[in-house]
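S.K.: Submitted below is the structure of interest, expressed as structure tokens.
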Amino acid sequence: MLFLAFLGFLFSILGLQCLVYTVVGDACVAMDEWVQNPTAHTALDDILPCVDNATAQETLLRTKNVSYQLVNVVNGVINNVVNQNFPPSSAPLYYNQSGPRVPVLCNPFHSDLTDRQCASGEVSLYDSSEVWKNYTCQVSSSGICSKRGRLTPQFYTQMSAAVNVSYGLYRYGPFLVNLQDCTFVRDTFTDISHDYCPGLWRYSQWIYIGLVIVSAAVMLSLIFWVIYARERRHRVYTKRYDARLEGLYKGG
């Protein structure tokens with residue numbers, strides 16, 4: 001029984017050691033290999049379907065172009081319809097728009113899709129919807145502004161929806177492209193490899209030591225239980241033997 005307990009203890013220690021060091025070591029090595037050679041065939045290729053850099057850059061240009069065009073469409077509506085004072089005969093362009101002119105939207109890109117700074121008087125993609133609320137009017141049943149304002153609720157809703165799409169592409173397009181070509185994953189793996197893998201080795205050793213202590217405690221508990229069981233059986237046998245001798249003595 002004790003021999004079996006010792007074998008179980010030995011195999012558990014060796015198995016835990018192999019498991020801890022293999023898992024930690026293989027994970028860190030695989031990340032290092034992939035970061036150093038992202039185009040080579042590594043163990044992570046099957047779970048990281050990355051595209052080439054040219055495809056990723058083409059995707060980024062298309063997201064910028066869509067954002068740029070959406071802003072131009074919104075500004076076209078503002079300049080050609082919302083901020084114009086049409087006569088009543090020009091319906092549906094006329095809806096009794098009046099009051100201060102609505103500020104145009106800041107386009108984050110030039111026509112060549114390079115970054116552009118906002119000009120004075122433009123509103124950013126981030127807060128344009130809040131600013132434009134101040135230019136909405138109340139409308140009658142016929143859809144005409146009954147009070148001063150240059151944006152009907154319908155115009156405001158449509159323009160805000162276009163801004164939300166443009167802002168989403170502008171704000172999250174580069175991040176999604178980084179996911180597409182695995183730049184984000186590569187940066188994350190680099191940080192893990194440099195900052196956490198050394199600590200993982202150290203902590204895995206601590207875990208290993210803790211598991212050794214637990215295994216030793218279990219083995220010692222088993223040994224003490226075997227000793228206790230044998231001693232208990234010995235006491236029972238001794239009591240029975242003494243009782244038998246006492247009976248024979250009284251009978252004699």
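Going by the structure tokens order, chains are called A, B, ..., each with residues numbered from 1, while ligands are numbered from 1 in the order shown.
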Would you give me, as a PyMOL selection string, the residues in segment 107-183 of chain A that DSSP reads as helix (DSSP H, G or I)?

M.R.: chain A and resi 128-135+153-180+183

S.K.: Please identify all polymer residues within 10 Å of segment 149-166 of chain A, counting only C-alpha atoms, omitting same-chain residues fewer than 4 positions from it, and present them as a count of residues only.

M.R.: 51

S.K.: Looking at only C-alpha atoms, which of A:Tyr196, A:Phe184, A:Phe189, A:Phe224 is the one that sits closest to Val35 of chain A?

M.R.: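 Comparing A:Tyr196, A:Phe184, A:Phe189, A:Phe224 against Val35 of chain A, the winner is A:Phe189.
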
S.K.: So, counting only C-alpha atoms, which residue among A:Glu33, A:Pro87, A:Ala229, A:Arg62 is closest to Asp112 of chain A?

M.R.: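 For Asp112 of chain A, the nearest of the given residues is A:Arg62.
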
S.K.: Any idea what the distance is between atom CA of Val104 of chain A and atom CA of Gly76 of chain A?

M.R.: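 Calculated distance between atom CA of Val104 of chain A and atom CA of Gly76 of chain A is 8.9 Å.
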
S.K.: So the first atom is atom CA of Arg116 of chain A and the second is atom CA of Leu60 of chain A; what is the distance between them in Å, to one decimal place?

M.R.: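 Atom-to-atom, atom CA of Arg116 of chain A to atom CA of Leu60 of chain A, that is 16.1 Å.
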
S.K.: Which one of A:Ile192, A:Leu61, A:Ser221, A:Ala216 sits closest to Val29 of chain A if you count only C-alpha atoms?

M.R.: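 Among the listed residues, A:Ile192 lies closest to Val29 of chain A.
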
S.K.: Please report the interatomic distance between atom CA of Ala217 of chain A and atom CA of Glu231 of chain A in Å with one decimal.

M.R.: 20.7 Å

S.K.: If you run DSSP on the backbone, which residues of segment 92-240 of chain A are strand (DSSP E or B), as number ranges by chain?

M.R.: A: 105, 109, 115, 123, 136, 139, 145, 151

S.K.: Deliver the residues from the most recent selection as a file, using N, CA and C atoms, as an mmCIF file, in the first residue's frame.

M.R.:
```cif
data_model
loop_
_atom_site.group_PDB
_atom_site.id
_atom_site.type_symbol
_atom_site.label_atom_id
_atom_site.label_comp_id
_atom_site.auth_asym_id
_atom_site.auth_seq_id
_atom_site.Cartn_x
_atom_site.Cartn_y
_atom_site.Cartn_z
ATOM 1 N N LEU A 105 -20.001 70.122 -41.059
ATOM 2 C CA LEU A 105 -19.290 69.038 -40.385
ATOM 3 C C LEU A 105 -17.815 69.051 -40.765
ATOM 4 N N PHE A 109 -10.575 64.117 -43.323
ATOM 5 C CA PHE A 109 -9.628 63.784 -44.389
ATOM 6 C C PHE A 109 -9.698 64.814 -45.514
ATOM 7 N N ASP A 115 -4.804 63.061 -43.385
ATOM 8 C CA ASP A 115 -5.470 63.653 -42.226
ATOM 9 C C ASP A 115 -5.624 65.165 -42.396
ATOM 10 N N VAL A 123 -17.974 71.677 -36.941
ATOM 11 C CA VAL A 123 -18.220 70.824 -35.775
ATOM 12 C C VAL A 123 -17.623 69.449 -36.048
ATOM 13 N N THR A 136 -32.736 72.503 -34.425
ATOM 14 C CA THR A 136 -33.955 71.810 -34.850
ATOM 15 C C THR A 136 -35.179 72.677 -34.566
ATOM 16 N N VAL A 139 -42.236 71.030 -36.045
ATOM 17 C CA VAL A 139 -42.886 70.988 -37.353
ATOM 18 C C VAL A 139 -44.389 70.813 -37.187
ATOM 19 N N CYS A 145 -41.612 73.808 -40.691
ATOM 20 C CA CYS A 145 -41.207 74.338 -39.392
ATOM 21 C C CYS A 145 -42.221 75.375 -38.918
ATOM 22 N N LEU A 151 -33.428 72.715 -39.021
ATOM 23 C CA LEU A 151 -33.420 71.256 -39.154
ATOM 24 C C LEU A 151 -34.741 70.693 -38.653
#
```
